[in-house]
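**Q** So here's upload-v2.pdb, just PDB, C-alpha atoms:
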```pdb
ATOM      1  CA  MET A   1     -18.961  15.559 -30.167
ATOM      2  CA  ASP A   2     -19.080  19.000 -28.713
ATOM      3  CA  HIS A   3     -15.613  19.940 -27.575
ATOM      4  CA  SER A   4     -16.301  23.582 -27.009
ATOM      5  CA  HIS A   5     -17.164  22.901 -23.405
ATOM      6  CA  HIS A   6     -13.794  21.483 -22.626
ATOM      7  CA  ALA A   7     -10.626  23.454 -22.266
ATOM      8  CA  GLY A   8      -7.830  20.950 -22.038
ATOM      9  CA  MET A   9      -8.347  18.793 -18.975
ATOM     10  CA  SER A  10     -10.509  21.273 -17.183
ATOM     11  CA  TYR A  11     -13.299  19.742 -15.230
ATOM     12  CA  MET A  12     -14.357  22.826 -13.364
ATOM     13  CA  ASP A  13     -16.781  24.331 -15.833
ATOM     14  CA  ASN A  14     -19.700  22.336 -14.627
ATOM     15  CA  ASN A  15     -22.016  25.201 -15.460
ATOM     16  CA  THR A  16     -21.796  24.578 -19.153
ATOM     17  CA  MET A  17     -21.359  20.826 -19.218
ATOM     18  CA  SER A  18     -24.315  18.948 -20.572
ATOM     19  CA  PRO A  19     -25.105  15.769 -18.701
ATOM     20  CA  SER A  20     -26.169  13.878 -21.781
ATOM     21  CA  HIS A  21     -22.749  12.983 -23.067
ATOM     22  CA  HIS A  22     -19.180  13.372 -21.874
ATOM     23  CA  HIS A  23     -16.218  13.341 -24.156
ATOM     24  CA  PRO A  24     -12.991  13.951 -22.299
ATOM     25  CA  THR A  25     -10.253  16.256 -23.432
ATOM     26  CA  THR A  26      -8.355  16.064 -26.627
ATOM     27  CA  SER A  27      -8.079  12.318 -27.010
ATOM     28  CA  VAL A  28     -10.290  10.900 -29.679
ATOM     29  CA  SER A  29     -11.103   7.630 -27.961
ATOM     30  CA  HIS A  30     -14.105   7.562 -25.701
ATOM     31  CA  SER A  31     -12.485   5.270 -23.214
ATOM     32  CA  HIS A  32     -12.998   7.139 -19.994
ATOM     33  CA  GLY A  33     -15.679   9.514 -18.992
ATOM     34  CA  GLY A  34     -15.913   9.045 -15.295
ATOM     35  CA  GLY A  35     -19.372   9.345 -13.838
ATOM     36  CA  ASN A  36     -22.023  10.143 -16.338
ATOM     37  CA  ASP A  37     -24.728  11.179 -13.959
ATOM     38  CA  ASN A  38     -23.071  13.935 -11.948
ATOM     39  CA  MET A  39     -22.053  17.207 -13.447
ATOM     40  CA  LYS A  40     -18.300  16.864 -12.832
ATOM     41  CA  MET A  41     -15.821  14.877 -14.835
ATOM     42  CA  MET A  42     -13.238  12.702 -13.152
ATOM     43  CA  PRO A  43      -9.709  13.837 -13.870
ATOM     44  CA  MET A  44      -7.491  11.217 -15.418
ATOM     45  CA  THR A  45      -4.077  12.756 -14.870
ATOM     46  CA  PHE A  46      -2.352  14.208 -11.843
ATOM     47  CA  TYR A  47      -2.920  17.877 -11.055
ATOM     48  CA  PHE A  48      -2.178  20.250  -8.229
ATOM     49  CA  GLY A  49      -5.118  22.348  -7.145
ATOM     50  CA  PHE A  50      -7.484  23.014  -4.314
ATOM     51  CA  LYS A  51     -10.559  24.459  -5.988
ATOM     52  CA  ASN A  52     -13.689  22.363  -6.095
ATOM     53  CA  VAL A  53     -12.097  19.103  -5.029
ATOM     54  CA  GLU A  54     -14.681  16.532  -4.046
ATOM     55  CA  LEU A  55     -13.368  14.134  -1.442
ATOM     56  CA  LEU A  56     -15.146  10.787  -1.077
ATOM     57  CA  PHE A  57     -18.536  12.206  -0.060
ATOM     58  CA  SER A  58     -20.815  14.621  -1.854
ATOM     59  CA  ARG A  59     -20.932  17.109   1.014
ATOM     60  CA  VAL A  60     -17.142  17.192   1.417
ATOM     61  CA  VAL A  61     -15.864  19.664  -1.151
ATOM     62  CA  ILE A  62     -12.580  21.491  -0.782
ATOM     63  CA  ASN A  63     -12.550  25.054  -2.041
ATOM     64  CA  THR A  64      -9.801  26.905  -0.203
ATOM     65  CA  ALA A  65      -6.164  26.356   0.635
ATOM     66  CA  GLY A  66      -7.014  26.065   4.319
ATOM     67  CA  GLU A  67      -9.509  23.303   3.653
ATOM     68  CA  MET A  68      -6.943  21.533   1.507
ATOM     69  CA  ALA A  69      -4.432  21.744   4.341
ATOM     70  CA  GLY A  70      -6.980  20.239   6.697
ATOM     71  CA  ALA A  71      -7.771  17.495   4.193
ATOM     72  CA  PHE A  72      -4.037  16.840   3.795
ATOM     73  CA  VAL A  73      -3.669  16.319   7.529
ATOM     74  CA  ALA A  74      -6.763  14.120   7.720
ATOM     75  CA  VAL A  75      -5.645  11.894   4.832
ATOM     76  CA  PHE A  76      -2.135  11.723   6.298
ATOM     77  CA  LEU A  77      -3.541  10.528   9.614
ATOM     78  CA  LEU A  78      -5.841   8.043   7.881
ATOM     79  CA  ALA A  79      -2.918   6.473   6.006
ATOM     80  CA  MET A  80      -0.903   6.337   9.237
ATOM     81  CA  PHE A  81      -3.805   4.698  11.034
ATOM     82  CA  TYR A  82      -4.075   2.122   8.231
ATOM     83  CA  GLU A  83      -0.443   1.092   8.624
ATOM     84  CA  GLY A  84      -0.839   0.902  12.370
ATOM     85  CA  LEU A  85      -3.956  -1.221  12.010
ATOM     86  CA  LYS A  86      -2.067  -3.666   9.789
ATOM     87  CA  ILE A  87       0.726  -4.045  12.322
ATOM     88  CA  ALA A  88      -1.723  -4.329  15.213
ATOM     89  CA  ARG A  89      -3.671  -7.103  13.460
ATOM     90  CA  GLU A  90      -0.466  -9.011  12.777
ATOM     91  CA  SER A  91       0.660  -8.846  16.385
ATOM     92  CA  LEU A  92      -2.811  -9.770  17.665
ATOM     93  CA  LEU A  93      -2.881 -12.789  15.371
ATOM     94  CA  ARG A  94       0.541 -13.891  16.492
ATOM     95  CA  LYS A  95      -0.400 -13.520  20.120
ATOM     96  CA  SER A  96      -3.563 -15.563  19.783
ATOM     97  CA  GLN A  97      -1.830 -18.276  17.776
ATOM     98  CA  VAL A  98       1.111 -18.832  20.109
ATOM     99  CA  SER A  99      -1.129 -20.337  22.751
ATOM    100  CA  ILE A 100      -2.537 -22.803  20.253
ATOM    101  CA  ARG A 101       0.866 -23.971  19.134
ATOM    102  CA  TYR A 102       1.702 -24.997  22.703
ATOM    103  CA  ASN A 103      -1.102 -27.500  22.709
ATOM    104  CA  SER A 104       0.781 -30.347  21.061
ATOM    105  CA  MET A 105       3.302 -31.573  23.567
ATOM    106  CA  PRO A 106       4.765 -34.960  24.445
ATOM    107  CA  VAL A 107       3.471 -36.384  27.682
ATOM    108  CA  PRO A 108       4.885 -39.386  29.516
ATOM    109  CA  GLY A 109       2.796 -42.497  29.069
ATOM    110  CA  PRO A 110       1.886 -45.068  31.733
ATOM    111  CA  ASN A 111       4.734 -47.511  30.987
ATOM    112  CA  GLY A 112       7.510 -44.955  30.634
ATOM    113  CA  THR A 113       6.767 -44.406  26.958
ATOM    114  CA  ILE A 114       6.323 -40.948  25.520
ATOM    115  CA  LEU A 115       2.911 -40.220  24.107
ATOM    116  CA  MET A 116       2.354 -37.348  21.739
ATOM    117  CA  GLU A 117      -0.672 -35.414  22.808
ATOM    118  CA  THR A 118      -1.907 -33.284  19.959
ATOM    119  CA  HIS A 119      -4.829 -30.943  20.125
ATOM    120  CA  LYS A 120      -6.406 -30.480  16.777
ATOM    121  CA  THR A 121      -7.070 -26.779  17.084
ATOM    122  CA  VAL A 122      -6.178 -25.523  13.643
ATOM    123  CA  GLY A 123      -5.994 -21.747  13.915
ATOM    124  CA  GLN A 124      -8.697 -20.186  16.003
ATOM    125  CA  GLN A 125     -12.177 -21.308  16.779
ATOM    126  CA  MET A 126     -14.801 -19.484  14.809
ATOM    127  CA  LEU A 127     -16.702 -18.063  17.727
ATOM    128  CA  SER A 128     -13.734 -17.201  19.896
ATOM    129  CA  PHE A 129     -13.228 -13.596  20.835
ATOM    130  CA  PRO A 130      -9.813 -13.150  19.136
ATOM    131  CA  HIS A 131     -11.244 -14.320  15.825
ATOM    132  CA  LEU A 132     -14.243 -12.023  16.119
ATOM    133  CA  LEU A 133     -11.949  -9.135  16.913
ATOM    134  CA  GLN A 134      -9.762 -10.032  13.921
ATOM    135  CA  THR A 135     -12.832 -10.067  11.695
ATOM    136  CA  VAL A 136     -13.990  -6.647  12.860
ATOM    137  CA  LEU A 137     -10.516  -5.222  12.396
ATOM    138  CA  HIS A 138     -10.339  -6.846   8.970
ATOM    139  CA  ILE A 139     -13.532  -5.127   7.889
ATOM    140  CA  ILE A 140     -12.219  -1.793   9.139
ATOM    141  CA  GLN A 141      -8.946  -2.413   7.285
ATOM    142  CA  VAL A 142     -10.730  -3.255   4.032
ATOM    143  CA  VAL A 143     -12.920  -0.148   4.236
ATOM    144  CA  ILE A 144      -9.995   2.141   5.009
ATOM    145  CA  SER A 145      -7.900   0.648   2.209
ATOM    146  CA  TYR A 146     -10.733   1.277  -0.263
ATOM    147  CA  PHE A 147     -11.081   4.835   1.044
ATOM    148  CA  LEU A 148      -7.372   5.405   0.508
ATOM    149  CA  MET A 149      -7.686   3.999  -2.993
ATOM    150  CA  LEU A 150     -10.581   6.329  -3.745
ATOM    151  CA  ILE A 151      -8.644   9.288  -2.333
ATOM    152  CA  PHE A 152      -5.716   8.434  -4.566
ATOM    153  CA  MET A 153      -8.163   8.146  -7.440
ATOM    154  CA  THR A 154      -9.038  11.842  -7.147
ATOM    155  CA  TYR A 155      -5.684  12.374  -8.909
ATOM    156  CA  ASN A 156      -5.124  15.431  -6.694
ATOM    157  CA  GLY A 157      -1.383  15.810  -6.182
ATOM    158  CA  TYR A 158      -1.618  17.103  -2.619
ATOM    159  CA  LEU A 159      -3.897  14.302  -1.465
ATOM    160  CA  CYS A 160      -1.803  11.621  -3.181
ATOM    161  CA  ILE A 161       1.318  12.937  -1.491
ATOM    162  CA  ALA A 162      -0.566  12.860   1.799
ATOM    163  CA  VAL A 163      -1.441   9.187   1.274
ATOM    164  CA  ALA A 164       2.124   8.230   0.404
ATOM    165  CA  ALA A 165       3.701  10.255   3.216
ATOM    166  CA  GLY A 166       1.179   8.968   5.756
ATOM    167  CA  ALA A 167       1.856   5.374   4.713
ATOM    168  CA  GLY A 168       5.593   5.903   5.011
ATOM    169  CA  THR A 169       5.377   7.594   8.390
ATOM    170  CA  GLY A 170       2.963   4.997   9.719
ATOM    171  CA  TYR A 171       5.211   2.187   8.549
ATOM    172  CA  PHE A 172       8.205   3.882  10.124
ATOM    173  CA  LEU A 173       6.539   4.479  13.474
ATOM    174  CA  PHE A 174       4.593   1.258  13.910
ATOM    175  CA  SER A 175       6.988  -1.174  12.323
ATOM    176  CA  TRP A 176       9.870  -0.046  14.546
ATOM    177  CA  LYS A 177       8.869  -2.374  17.341
ATOM    178  CA  LYS A 178       7.441  -4.987  15.027
ATOM    179  CA  ALA A 179      10.847  -5.592  13.493
ATOM    180  CA  VAL A 180      12.020  -6.711  16.897
ATOM    181  CA  VAL A 181       9.599  -9.604  17.272
ATOM    182  CA  VAL A 182       9.346 -10.770  13.684
ATOM    183  CA  ASP A 183      10.122 -14.377  13.005
ATOM    184  CA  ILE A 184      13.089 -14.934  10.683
ATOM    185  CA  THR A 185      11.427 -17.821   8.894
ATOM    186  CA  GLU A 186       8.289 -15.822   8.212
ATOM    187  CA  HIS A 187       8.260 -14.443   4.713
ATOM    188  CA  CYS A 188       4.625 -13.865   3.984
ATOM    189  CA  HIS A 189       3.297 -10.513   3.001
TER     190      HIS A 189
ATOM    191  CA  MET B   1     -17.187   1.960 -18.338
ATOM    192  CA  HIS B   2     -15.660  -1.100 -19.885
ATOM    193  CA  PHE B   3     -12.382  -2.411 -21.238
ATOM    194  CA  ILE B   4     -11.569  -1.344 -24.768
ATOM    195  CA  PHE B   5      -8.772  -2.030 -27.214
ATOM    196  CA  SER B   6      -7.378   1.292 -28.261
ATOM    197  CA  ASP B   7      -4.152   2.896 -29.367
ATOM    198  CA  LYS B   8      -4.941   6.156 -27.674
ATOM    199  CA  VAL B   9      -4.791   6.707 -23.953
ATOM    200  CA  VAL B  10      -3.559   9.280 -21.468
ATOM    201  CA  LEU B  11      -1.783   7.591 -18.613
ATOM    202  CA  LEU B  12      -1.309   9.155 -15.198
ATOM    203  CA  PHE B  13       0.269  12.414 -16.311
ATOM    204  CA  ASP B  14      -0.619  15.061 -18.844
ATOM    205  CA  PHE B  15       2.543  14.538 -20.840
ATOM    206  CA  TRP B  16       2.049  10.776 -21.123
ATOM    207  CA  SER B  17      -0.387  10.754 -23.959
ATOM    208  CA  VAL B  18      -0.253   7.806 -26.327
ATOM    209  CA  HIS B  19      -1.638   8.113 -29.839
ATOM    210  CA  SER B  20       0.101   5.515 -31.971
ATOM    211  CA  PRO B  21       0.768   1.771 -31.921
ATOM    212  CA  ALA B  22       4.477   2.364 -31.337
ATOM    213  CA  GLY B  23       3.728   4.605 -28.398
ATOM    214  CA  MET B  24       1.315   2.036 -27.041
ATOM    215  CA  VAL B  25       3.956  -0.705 -27.246
ATOM    216  CA  LEU B  26       6.398   1.510 -25.389
ATOM    217  CA  SER B  27       3.802   2.350 -22.752
ATOM    218  CA  VAL B  28       2.955  -1.303 -22.229
ATOM    219  CA  VAL B  29       6.654  -2.085 -21.785
ATOM    220  CA  VAL B  30       7.001   0.717 -19.239
ATOM    221  CA  VAL B  31       3.962  -0.457 -17.298
ATOM    222  CA  LEU B  32       5.265  -4.020 -17.423
ATOM    223  CA  LEU B  33       8.594  -2.944 -15.964
ATOM    224  CA  LEU B  34       6.747  -0.994 -13.300
ATOM    225  CA  ALA B  35       4.865  -4.114 -12.273
ATOM    226  CA  VAL B  36       8.088  -6.143 -12.213
ATOM    227  CA  LEU B  37       9.660  -3.462 -10.039
ATOM    228  CA  TYR B  38       6.705  -3.615  -7.669
ATOM    229  CA  GLU B  39       7.063  -7.336  -7.117
ATOM    230  CA  GLY B  40      10.795  -6.915  -6.741
ATOM    231  CA  ILE B  41      10.363  -4.242  -4.093
ATOM    232  CA  LYS B  42       8.091  -6.525  -2.086
ATOM    233  CA  VAL B  43      10.771  -9.218  -1.992
ATOM    234  CA  ALA B  44      13.549  -6.697  -1.384
ATOM    235  CA  LYS B  45      11.785  -5.345   1.688
ATOM    236  CA  VAL B  46      11.591  -8.766   3.306
ATOM    237  CA  LYS B  47      15.176  -9.635   2.464
ATOM    238  CA  LEU B  48      16.466  -6.307   3.767
ATOM    239  CA  LEU B  49      14.632  -6.811   7.024
ATOM    240  CA  HIS B  50      16.129 -10.272   7.475
ATOM    241  CA  GLN B  51      19.585  -8.979   6.668
ATOM    242  CA  ALA B  52      19.220  -6.115   9.124
ATOM    243  CA  LEU B  53      17.960  -8.384  11.873
ATOM    244  CA  LYS B  54      20.855 -10.756  11.398
ATOM    245  CA  SER B  55      23.634  -8.183  11.351
ATOM    246  CA  LEU B  56      22.218  -5.497  13.612
ATOM    247  CA  PRO B  57      20.583  -6.371  16.904
ATOM    248  CA  PRO B  58      17.507  -4.177  17.241
ATOM    249  CA  PRO B  59      17.487  -1.359  19.817
ATOM    250  CA  ALA B  60      15.163  -3.133  22.269
ATOM    251  CA  ASP B  61      17.727  -5.889  22.746
ATOM    252  CA  GLN B  62      20.475  -3.361  23.157
ATOM    253  CA  GLN B  63      18.506  -1.633  25.870
ATOM    254  CA  LEU B  64      18.026  -4.923  27.672
ATOM    255  CA  ILE B  65      21.707  -5.740  27.457
ATOM    256  CA  ALA B  66      22.675  -2.314  28.705
ATOM    257  CA  GLU B  67      20.327  -2.579  31.671
ATOM    258  CA  THR B  68      21.457  -6.015  32.764
ATOM    259  CA  ASP B  69      25.117  -5.037  32.500
ATOM    260  CA  GLY B  70      24.670  -2.523  35.260
ATOM    261  CA  GLU B  71      27.769  -0.477  36.029
ATOM    262  CA  SER B  72      29.785  -1.648  33.058
ATOM    263  CA  THR B  73      27.656   0.237  30.587
ATOM    264  CA  CYS B  74      29.873   3.327  30.435
ATOM    265  CA  SER B  75      32.420   1.523  28.327
ATOM    266  CA  ASP B  76      29.709   0.025  26.142
ATOM    267  CA  SER B  77      27.663   3.134  25.438
ATOM    268  CA  PRO B  78      29.457   4.406  22.278
ATOM    269  CA  PRO B  79      28.980   1.104  20.402
ATOM    270  CA  VAL B  80      25.392   0.918  21.617
ATOM    271  CA  SER B  81      24.544   4.380  20.310
ATOM    272  CA  ARG B  82      26.286   3.681  17.015
ATOM    273  CA  THR B  83      24.264   0.498  16.581
ATOM    274  CA  ARG B  84      21.110   2.414  17.429
ATOM    275  CA  LEU B  85      21.985   4.935  14.728
ATOM    276  CA  ARG B  86      22.623   2.175  12.207
ATOM    277  CA  TRP B  87      19.312   0.550  13.110
ATOM    278  CA  PHE B  88      17.562   3.877  12.772
ATOM    279  CA  LEU B  89      19.065   4.483   9.325
ATOM    280  CA  CYS B  90      18.240   0.974   8.208
ATOM    281  CA  HIS B  91      14.648   1.337   9.366
ATOM    282  CA  PHE B  92      14.379   4.761   7.748
ATOM    283  CA  GLY B  93      15.597   3.280   4.473
ATOM    284  CA  GLN B  94      12.991   0.545   4.762
ATOM    285  CA  SER B  95      10.283   3.160   5.285
ATOM    286  CA  LEU B  96      11.378   4.893   2.079
ATOM    287  CA  ILE B  97      11.168   1.581   0.263
ATOM    288  CA  HIS B  98       7.700   1.138   1.729
ATOM    289  CA  VAL B  99       6.644   4.550   0.406
ATOM    290  CA  ALA B 100       7.970   3.575  -3.039
ATOM    291  CA  GLN B 101       5.975   0.352  -2.864
ATOM    292  CA  VAL B 102       2.775   2.184  -1.907
ATOM    293  CA  VAL B 103       3.202   4.778  -4.679
ATOM    294  CA  ILE B 104       4.004   2.213  -7.368
ATOM    295  CA  GLY B 105       1.068   0.091  -6.266
ATOM    296  CA  TYR B 106      -1.269   3.053  -6.604
ATOM    297  CA  PHE B 107       0.220   3.972  -9.987
ATOM    298  CA  MET B 108      -0.488   0.457 -11.213
ATOM    299  CA  MET B 109      -4.052   0.718  -9.961
ATOM    300  CA  LEU B 110      -4.515   4.013 -11.784
ATOM    301  CA  ALA B 111      -2.988   2.543 -14.958
ATOM    302  CA  VAL B 112      -5.509  -0.294 -14.854
ATOM    303  CA  MET B 113      -8.217   2.292 -14.235
ATOM    304  CA  SER B 114      -7.580   3.747 -17.676
ATOM    305  CA  TYR B 115      -9.642   0.776 -18.865
ATOM    306  CA  ASN B 116      -7.255   0.179 -21.758
ATOM    307  CA  THR B 117      -6.912  -3.542 -22.364
ATOM    308  CA  TRP B 118      -3.289  -3.398 -23.535
ATOM    309  CA  ILE B 119      -2.228  -1.537 -20.426
ATOM    310  CA  PHE B 120      -4.146  -3.962 -18.251
ATOM    311  CA  LEU B 121      -2.448  -6.930 -19.925
ATOM    312  CA  GLY B 122       0.898  -5.214 -19.440
ATOM    313  CA  VAL B 123       0.257  -4.843 -15.716
ATOM    314  CA  VAL B 124      -0.863  -8.460 -15.357
ATOM    315  CA  LEU B 125       2.056  -9.807 -17.368
ATOM    316  CA  GLY B 126       4.496  -7.632 -15.477
ATOM    317  CA  SER B 127       3.161  -8.879 -12.154
ATOM    318  CA  ALA B 128       3.475 -12.463 -13.354
ATOM    319  CA  VAL B 129       7.047 -11.994 -14.597
ATOM    320  CA  GLY B 130       8.036 -10.069 -11.499
ATOM    321  CA  TYR B 131       6.620 -12.680  -9.160
ATOM    322  CA  TYR B 132       8.233 -15.491 -11.151
ATOM    323  CA  VAL B 133      11.641 -13.843 -11.017
ATOM    324  CA  ALA B 134      11.541 -12.453  -7.501
ATOM    325  CA  TYR B 135       9.814 -15.120  -5.402
ATOM    326  CA  PRO B 136      12.595 -17.745  -5.537
ATOM    327  CA  LEU B 137      14.937 -15.098  -4.149
ATOM    328  CA  LEU B 138      12.897 -15.100  -0.953
ATOM    329  CA  SER B 139      14.019 -18.576   0.029
ATOM    330  CA  THR B 140      17.699 -17.690  -0.398
ATOM    331  CA  VAL B 141      17.755 -16.012   2.989
TER     332      VAL B 141
END
```
Take the structure in the file and give it back as structure tokens.
**A**
Amino acid sequence: MDHSHHAGMSYMDNNTMSPSHHHPTTSVSHSHGGGNDNMKMMPMTFYFGFKNVELLFSRVVINTAGEMAGAFVAVFLLAMFYEGLKIARESLLRKSQVSIRYNSMPVPGPNGTILMETHKTVGQQMLSFPHLLQTVLHIIQVVISYFLMLIFMTYNGYLCIAVAAGAGTGYFLFSWKKAVVVDITEHCH
Amino acid sequence: MHFIFSDKVVLLFDFWSVHSPAGMVLSVVVVLLLAVLYEGIKVAKVKLLHQALKSLPPPADQQLIAETDGESTCSDSPPVSRTRLRWFLCHFGQSLIHVAQVVIGYFMMLAVMSYNTWIFLGVVLGSAVGYYVAYPLLSTV
């Protein structure tokens, strides 16, 4: 119950913090303490700063304004790439499914009757190249979305703004053409 | 880290510190409304896109029409550029809505990350109510 190590929400005094117990801030409840094994405490509210900001990996620590600017650009581009990847996967899926829909067509029968020839290809085959490509892209999309979540979880105001702005710009740029070919009856998301 | 029932939590911002049952009720209501808004924004984006596609032909079609018209495009160019501008503004507005959706989604994730059970239930309930109210509006295209 030693609160003398904590000044408000400061998490920067990792010289004096004892790793045995963490009690955050001024709130009495011990609901959140972040990681208990490393020396730093996870912030739980938004802040603007660029000193000692750990970004995703232990070696990547931001200490100067220039590094924060570089991180801002990198996160911005990552969020843009994520939106583009989503749109690209959608269009790839649509392209590979259109050919399958053409497979059920009426064909004239021997006596002048119309036979319905239906190919039972539901979706894609498992070992086909488009499906494998979709799977690889899906894994990349999942990993990048978790990275963006973890970046937002740093509670750093600059990085969160970079995520939001990158998502907006990516949506604006990549969805411009997508809106042209979207199906009116499609309303999934 | 585990879920706890508690009246005291600090949510998202330094000034949003809850330390009483009344404050907790208010915070849960706010988080619930946030979740309802999130589901509503998802539906609104789709409906806006459908509306825009129906009333405004997208710029790619306009380009095609202008090219196939040939020499008669000089009289058509002012309406074409005005429609392009309207499409641009509509798409820009949709991008802003997308940014709002991304930010609210992340805020909800961070609220759940506070590991407070009341807040978590508020988010879940808000998502349920929002989906229940907003989803039927999708079919009224």
**Q** Please tabulate, as a Markdown table, the residues of chain A that come within 6 Å of chain B, each with its closest pair of atoms and the distance in Å to one decimal, counting all atoms listed in the file and ordering rows by chain, then residue number upward.
**A**
```
| residue | atom | partner | partner_atom | distance |
| --- | --- | --- | --- | --- |
| A:Thr45 | CA | B:Leu12 | CA | 4.6 |
| A:Phe46 | CA | B:Phe13 | CA | 5.5 |
| A:Ala164 | CA | B:Val99 | CA | 5.8 |
| A:Gly168 | CA | B:Val99 | CA | 4.9 |
| A:Phe172 | CA | B:Ser95 | CA | 5.3 |
```
**Q** Could you save those same residues with C-alpha atoms as a short mmCIF file (atom, residue, chain, number, x, y, z; two decimals), in the frame of the given file?
**A**
```
data_model
loop_
_atom_site.label_atom_id
_atom_site.label_comp_id
_atom_site.auth_asym_id
_atom_site.auth_seq_id
_atom_site.Cartn_x
_atom_site.Cartn_y
_atom_site.Cartn_z
CA THR A 45 -4.08 12.76 -14.87
CA PHE A 46 -2.35 14.21 -11.84
CA ALA A 164 2.12 8.23 0.40
CA GLY A 168 5.59 5.90 5.01
CA PHE A 172 8.20 3.88 10.12
#
```
**Q** Quick one: residues within 7 Å of Pro106 (chain A), all atoms listed in the file counted, chain neighbours fewer than 6 positions away excluded, as a CSV table (one decimal) with C-alpha atoms, keeping the file's coordinate frame?
**A**
```
chain,number,residue,atom,x,y,z
A,114,ILE,CA,6.3,-40.9,25.5
A,115,LEU,CA,2.9,-40.2,24.1
A,116,MET,CA,2.4,-37.3,21.7
A,117,GLU,CA,-0.7,-35.4,22.8
```
**Q** Could you work out how far CA of Tyr171 (chain A) lies from CA of Glu90 (chain A), giving the answer in Å with one decimal?
**A**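 Atom-to-atom, CA of Glu90 (chain A) to CA of Tyr171 (chain A), that is 13.2 Å.
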**Q** Looking at only C-alpha atoms, which of B:Thr83, B:Thr117, B:Ser127, B:Ser55 is the one that sits closest to Ile41 (chain B)?
**A**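 Among the listed residues, the smallest separation from Ile41 (chain B) belongs to B:Ser127.
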**Q** Calculate how many Å separate CA of Phe81 (chain A) from CA of Gly130 (chain B), rounding to one decimal.
**A**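 About the pair CA of Phe81 (chain A) and CA of Gly130 (chain B): they are 29.4 Å apart.
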**Q** Find the spatial neighbours of Leu132 (chain A), counting all atoms listed in the file, within a cut-off of 12 Å - ignore same-chain residues fewer than 5 positions away - and output them as a ChimeraX atom specification.
**A** /A:89,92-93,96,124-127,137-139
**Q** Suppose you want the space between CA of Met24 (chain B) and CA of Val112 (chain B); what is it in Å?
**A**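 These atoms are spaced 14.2 Å apart.
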**Q** Selected by the PyMOL selection byres ((chain A and resi 66-77) around 7) in the shown coordinates: which residues, as a ChimeraX atom specification?
**A** /A:50,62-65,78-81,158-159,162-163,165-166
**Q** Report as lines of an AutoDock Vina configuration file the centre and the edge lengths, in Å to one decimal, of the axis-aligned box holding every listed atom of region 127-133 of chain A, padded by 8 Å on each side.
**A**
```
center_x = -13.3
center_y = -13.6
center_z = 18.3
size_x = 22.9
size_y = 24.9
size_z = 21.0
```
**Q** When you count all atoms listed in the file, which of these residues is closest to Ser27 (chain B): B:Ile119, B:Val129, B:Ala134, B:Val124?
**A**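 Smallest separation from Ser27 (chain B) among the options: B:Ile119.
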**Q** Kindly extract all protein, DNA and RNA residues lying within 6 Å of the coordinates (-3.7, 20.2, -8.7) given in the file, considering only C-alpha atoms, and supply them as a list in words.
**A** Tyr47, Phe48, Gly49, Asn156 and Gly157 of chain A
**Q** My list of candidates is B:Lys45, B:Gly126, B:Met108, B:Val25. Which is closest to Cys90 (chain B) when distances are computed with all atoms listed in the file?
**A**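 Closest candidate: B:Lys45.
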